[in-house]
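Asker: This structure is in structure tokens; I'll ask about it shortly.
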Amino acid sequence: MVSNKSAGEQVRVRFAPSPTGRLHIGGARTAIYNWAFARATGGVFVLRIEDTDPDRSTEENTQIILRALRWMGLDWDEGPEVGGPFGPYIQTKRTHIYAEALEKLKAKNAVYPCFCSKEELEQKRAAAEEAGKAYIGYDKTCRDLDPAVAQTRIDAGEPHVWRLRVPEGHEPIEFDDAVYGHMSFPADVMDDMILVRSDGSPTYNFAVVCDDTDMRITHVIRGDDHLSNTPRQILIYEALGYPIPTFAHLSMILGPDGKKLSKRHGATSVEEYRDEGYLSDTMVNFLALLGWSLDGETTIIPRDVLCEKFGLNRITKKDAIFDETKLTWMNGVYIREMTPAAFVEAARPWLCKAAGCDDDGFFEGHRVWFEKLYPLLAERLVRLDEIPDKIAFLFWGNNIILDADSVDKTLKKEGCRAKEALLACRDVLADTSISWNFEALQDACKALCEPMELKPKLLFQPLRVAITGNMVSIPLFESIELMSRENVLARIDYTIDHVFEQ
RNA sequence: GGCUCUGUCGUCUAGCGGUUUAGGACAUCGCCCUCUCAAGGCGGAGAUCGUCGGUUCGAAUCCGAUCAGAGCUACCA
């Protein structure tokens with residue numbers, strides 16, 4: 001077996017999604033590993049679109065995947081839209097590569113045309129299953145057709161595929177997987193697989209081998225659903241006489257019930273997580289840790305550390321369950337580490353939603369004001385989409401929507417002296433000699449506690465309900481500072497009128 | 001059916017024959033802080049390392065068997 005990994009050679013890896021849907025969590029993790037490995041080794045990260053399935057591949061999906069990768073910050077060195085020396089990077093535009101490879105195989109008699117129709121094959125399979133034995137593979141009907149006869153049928157326009165002529169008595173196919181270790185597969189169970197379909201298009205196994213070779217890929221890092229395909233591909237590499245890259249297979253990502261992750265489990269694409277208010281830093285960190293560890297102790301691993309320390313040697317073989325709880329916790333950590341400016345930028349959709357206005361002028365005009373919100377919000381958020389609920393009250397103007405439960409528990413509670421407290425605070429907040437700044441206002445209100453013989457809680461909670469509408473809110477006086485005196489006084493007046501005067 | 005892989009707290013994981021009374025993180029429980037909610041600090045509980053047998057003075061770590069789960073076995077990728 002030849003290895004294509006000579007010492008000192010630059011690492012070239014690739015992420016090769018098929019555009020049959022959005023970028024799935026599992027695919028995103030594969031992309032992250034490839035990207036991080038390239039960055040850690042000073043290698044090249046290639047993006048290739050595998051759209052050889054004409055029925056399911058769409059240009060729209062390709063765009064969705066590119067957008068998702070960009071959002072995660074996984075920049076590719078070669079691929080769609082950035083080009084590179086081994087393009088094009090979209091399989092349907094590389095048909096000449098596969099055609100040349102097929103000619104090469106024909107010349108070596110390593111392939112043969114097969115005229116069995118899909119229907120015939122399916123019948124045989126069904127018959128085998130009924131007979132009790134499961135289908136053993138293609139029965140090689142066309143393998144030994146007389147070449148001249150075959151050529152005549154081809155010339156007559158009879159539909160045919162091209163199959164690999166797997167050498168008889170081939171020794172077990174062996175390779176060293178970077179994560180699974182030494183692998184050995186008996187060759188006699190390998191089918192004479194189809195390389196080129198009757199419409200002339202290449203099948204997956206054939207296309208990957210041609211492309212990975214052509215693009216000088218040194219390490220194939222992909223999902224372990226391809227582990228069993230690897231010996232098949234090695235057979236193709238051998239037939240073509242191409243050097244074999246290093247393989248690294250990644251375990252699967254499962255849903256909470258231990259079954260393959262699917263829509264049934266909720267969000268499965270990175271875009272859905274983005275729309276729920278997860279940060280791209282969170283996604284990269286969390287997914288990187290699903291199947292890989294830095295040292296077994298560190299959980300928060302910023303992307304620059306990932307890019308420096310990532311390696312194939314600490315990848316797990318075990319399937320991992322995708323636990324959203326931990327993802328959510330981690331998102332909170334990253335939110336707390338942001339700068340106010342970065343926060344406002346990332347949170348724009350939800351900030352605007354809270355304000356009920358999303359035009360550019362409004363947003364730009366409120367940037368500074370929004371940044372002041374960051375410290376109040378950061379330690380209470382775990383997802384960005386929680387923002388509207390927490391700050392909506394700031395945009396109510398002179399109006400106030402009182403939460404019934406909060407009113408009962410803090411304003412109408414027996415002996416709580418809420419009305420008295422509100423009146424006293426109102427006087428402080430109406431006093432224009434006190435500067436409109438949260439510390440000054442807070443100190444002035446707090447000074448009321450002693451003479452009134454009220455615990456801070458009994459003074460502040462009624463005020464909180466009167467101004468925010470709820471007994472649970474972001475910090476009270478910081479919020480007041482961000483509102484106008486007019487709005488604040490109006491809300492207190494309204495609350496006093498409506499709660500206490502029947 | 002055949003081929004192949006996996007199996008450590010609920011979850012992600014560390015562990016590579018003795019330094020392990022199996023470490024960390026999330027979740028959970030308790031306490032502290034506190035004008036709410038959080039965040040933060042401290043502490044607790046939680047894994048006889050799938051099971052059984054073997055090798056060894058000694059095994060989560062090596063070997064065998066067994067069970068359970070997964071992938072592949074397509075003119076899908």
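Ordering of the structure tokens sets the chain letters (A, B, ...), residue numbers begin anew at 1 in every chain, and ligands are numbered from 1 in the order given.
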Can you tell me which residues surround G24 of chain B at a distance of at most 10 Å, considering only C-alpha atoms (C1' of nucleotides), apart from same-chain residues fewer than 5 positions away, and format the answer as a list in words?
Answerer: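 Listed by chain and then number, they are Asp295, Gly296, Glu297, Thr298 and Thr299 of chain A; U13 and A14 of chain B.
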Asker: Could you turn the residues from that selection into a file that holds C-alpha atoms (C1' of nucleotides), as a PDB file, in the first residue's frame?
Answerer:
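The result, written out as selection.pdb:
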ATOM      1  CA  ASP A 295      -6.872  17.570  28.351  1.00  0.00           C
ATOM      2  CA  GLY A 296      -9.985  16.182  30.008  1.00  0.00           C
ATOM      3  CA  GLU A 297     -10.208  19.203  32.298  1.00  0.00           C
ATOM      4  CA  THR A 298     -10.734  22.243  30.105  1.00  0.00           C
ATOM      5  CA  THR A 299     -14.238  22.974  28.903  1.00  0.00           C
TER       6      THR A 299
ATOM      7  C1'   U B  13     -15.365  13.234  29.014  1.00  0.00           C
ATOM      8  C1'   A B  14     -10.056  12.105  31.739  1.00  0.00           C
TER       9        A B  14
END
Asker: Give the strand (DSSP E) residues of segment 174-327 of chain A, as assigned by DSSP on the backbone, as a VMD selection string.
Answerer: chain A and resid 174 to 177 181 to 185 194 to 196 219 to 223 246 to 250 253 to 254 320 to 321
Asker: Using only C-alpha atoms (C1' of nucleotides), I'd like a table of the residues in chain A that come within 6 Å of chain B; for each, show the closest atom pair and its distance in Å rounded to one decimal, ordered by chain and ascending number, as a Markdown table.
Answerer:
| residue | atom | partner | partner_atom | distance |
| --- | --- | --- | --- | --- |
| A:Lys133 | CA | B:G1 | C1' | 5.9 |
| A:Ala134 | CA | B:G1 | C1' | 5.1 |
| A:Arg197 | CA | B:C75 | C1' | 4.8 |
| A:Asp225 | CA | B:G71 | C1' | 5.3 |
| A:Ser228 | CA | B:C72 | C1' | 5.1 |
| A:Gly296 | CA | B:A14 | C1' | 4.4 |
| A:Glu297 | CA | B:G24 | C1' | 4.6 |
| A:Lys318 | CA | B:U6 | C1' | 5.6 |
| A:Lys326 | CA | B:C26 | C1' | 4.8 |
| A:Glu379 | CA | B:A39 | C1' | 5.1 |
| A:Arg380 | CA | B:A38 | C1' | 4.7 |
| A:Pro456 | CA | B:C35 | C1' | 5.5 |
| A:Lys457 | CA | B:C35 | C1' | 4.5 |
| A:Phe460 | CA | B:C35 | C1' | 5.0 |
| A:Met471 | CA | B:U36 | C1' | 5.9 |
| A:Val472 | CA | B:U36 | C1' | 4.7 |
Asker: Quick one: distance from atom C1' of C62 of chain B to atom C1' of U21 of chain B in Å, one decimal?
Answerer: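 Between atom C1' of C62 of chain B and atom C1' of U21 of chain B the gap is 24.5 Å.
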Asker: For Gly27 of chain A, please output as a count of residues only all residues within 12 Å (counting only C-alpha atoms (C1' of nucleotides); exclusion window: fewer than 4 positions along the same chain).
Answerer: 31
Asker: Rounded to one decimal, what separation in Å do you get between atom CA of Val407 of chain A and atom CA of Leu381 of chain A?
Answerer: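 Separating atom CA of Val407 of chain A from atom CA of Leu381 of chain A is a distance of 24.9 Å.
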Asker: What does the distance from atom CA of Arg464 of chain A to atom CA of Cys449 of chain A come to in Å, to one decimal?
Answerer: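 A separation of 15.6 Å between them.
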Asker: If we count only C-alpha atoms (C1' of nucleotides) and set the cut-off at 8 Å, which residues sit around Leu489 of chain A, ignoring sequence neighbours fewer than 2 positions away in its own chain? Please answer as a list of chain:residue names.
Answerer: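 Everything that qualifies: A:Arg426, A:Leu429, A:Ala430, A:Arg485, A:Glu486, A:Asn487, A:Arg491, A:Ile492, A:Asp493.
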Asker: Looking at only C-alpha atoms, which of A:Phe370, A:Lys260, A:Leu289, A:Lys140 is the one that sits closest to Ala342 of chain A?
Answerer: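 Once distances to Ala342 of chain A are computed over only C-alpha atoms, the minimum belongs to A:Phe370.
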Asker: Give me the residues within 12 Å of A60 of chain B as an NGL selection string, counting only C-alpha atoms (C1' of nucleotides) and dropping any in the same chain fewer than 5 places off.
Answerer: :B and (7-8 or 14-17 or 20 or 22 or 47-49)
Asker: Include N, CA, C and O atoms (P, O5', C5', C4', C3', O3' and C1' of nucleotides) and write out the residues we just selected as a short mmCIF file (atom, residue, chain, number, x, y, z; two decimals), in the first residue's frame.
Answerer:
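Contents of the output file again-v9.cif:
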data_model
loop_
_atom_site.label_atom_id
_atom_site.label_comp_id
_atom_site.auth_asym_id
_atom_site.auth_seq_id
_atom_site.Cartn_x
_atom_site.Cartn_y
_atom_site.Cartn_z
P G B 7 -15.53 1.96 23.67
"O5'" G B 7 -16.92 1.70 24.41
"C5'" G B 7 -17.81 2.81 24.74
"C4'" G B 7 -18.90 2.25 25.63
"C3'" G B 7 -18.33 1.63 26.91
"O3'" G B 7 -18.53 2.36 28.11
"C1'" G B 7 -19.69 0.06 25.67
P U B 8 -19.32 3.76 28.32
"O5'" U B 8 -18.81 4.04 29.79
"C5'" U B 8 -18.77 2.94 30.71
"C4'" U B 8 -18.10 3.40 31.97
"C3'" U B 8 -18.62 4.71 32.53
"O3'" U B 8 -19.80 4.51 33.28
"C1'" U B 8 -16.27 4.77 32.51
P A B 14 -11.77 11.24 26.56
"O5'" A B 14 -11.08 11.51 27.98
"C5'" A B 14 -10.38 12.74 28.19
"C4'" A B 14 -9.70 12.73 29.53
"C3'" A B 14 -8.82 11.53 29.81
"O3'" A B 14 -7.56 11.69 29.17
"C1'" A B 14 -10.06 12.11 31.74
P G B 15 -6.86 10.48 28.41
"O5'" G B 15 -6.53 9.45 29.54
"C5'" G B 15 -5.69 9.87 30.63
"C4'" G B 15 -5.97 8.90 31.77
"C3'" G B 15 -5.55 7.51 31.37
"O3'" G B 15 -4.27 7.20 31.87
"C1'" G B 15 -7.75 7.57 32.37
P C B 16 -3.22 6.35 32.05
"O5'" C B 16 -3.81 5.11 31.24
"C5'" C B 16 -3.50 3.76 31.60
"C4'" C B 16 -2.85 3.09 30.41
"C3'" C B 16 -1.51 3.75 30.06
"O3'" C B 16 -0.39 2.95 30.44
"C1'" C B 16 -3.03 3.74 28.16
P G B 17 -0.03 1.55 30.27
"O5'" G B 17 -0.38 0.79 31.63
"C5'" G B 17 -1.64 0.20 31.91
"C4'" G B 17 -1.63 -0.30 33.31
"C3'" G B 17 -0.38 0.02 34.10
"O3'" G B 17 -0.72 0.92 35.13
"C1'" G B 17 -1.03 -2.29 34.33
P U B 20 -3.75 8.52 43.22
"O5'" U B 20 -4.96 7.95 44.09
"C5'" U B 20 -5.06 6.60 44.41
"C4'" U B 20 -6.33 6.05 43.76
"C3'" U B 20 -6.15 4.60 43.29
"O3'" U B 20 -6.90 3.72 44.12
"C1'" U B 20 -7.24 5.98 41.65
P A B 22 -11.76 4.76 43.60
"O5'" A B 22 -12.07 6.20 42.96
"C5'" A B 22 -11.03 7.12 42.70
"C4'" A B 22 -10.93 7.37 41.21
"C3'" A B 22 -12.03 8.27 40.64
"O3'" A B 22 -11.68 9.63 40.81
"C1'" A B 22 -11.77 6.36 39.29
P A B 47 -23.23 5.74 42.13
"O5'" A B 47 -22.33 5.69 40.83
"C5'" A B 47 -22.93 5.37 39.57
"C4'" A B 47 -21.87 4.81 38.71
"C3'" A B 47 -20.85 3.90 39.42
"O3'" A B 47 -21.42 2.67 39.87
"C1'" A B 47 -19.74 5.32 37.88
P U B 48 -21.57 1.33 39.40
"O5'" U B 48 -20.13 1.01 39.94
"C5'" U B 48 -19.22 0.24 39.19
"C4'" U B 48 -18.30 -0.40 40.18
"C3'" U B 48 -17.82 -1.75 39.69
"O3'" U B 48 -16.73 -1.56 38.81
"C1'" U B 48 -18.55 -1.94 41.91
P C B 49 -16.87 -2.17 37.43
"O5'" C B 49 -17.58 -0.99 36.64
"C5'" C B 49 -18.08 -1.08 35.29
"C4'" C B 49 -17.47 0.05 34.49
"C3'" C B 49 -16.59 -0.45 33.35
"O3'" C B 49 -17.24 -0.04 32.14
"C1'" C B 49 -15.50 1.23 34.68
#
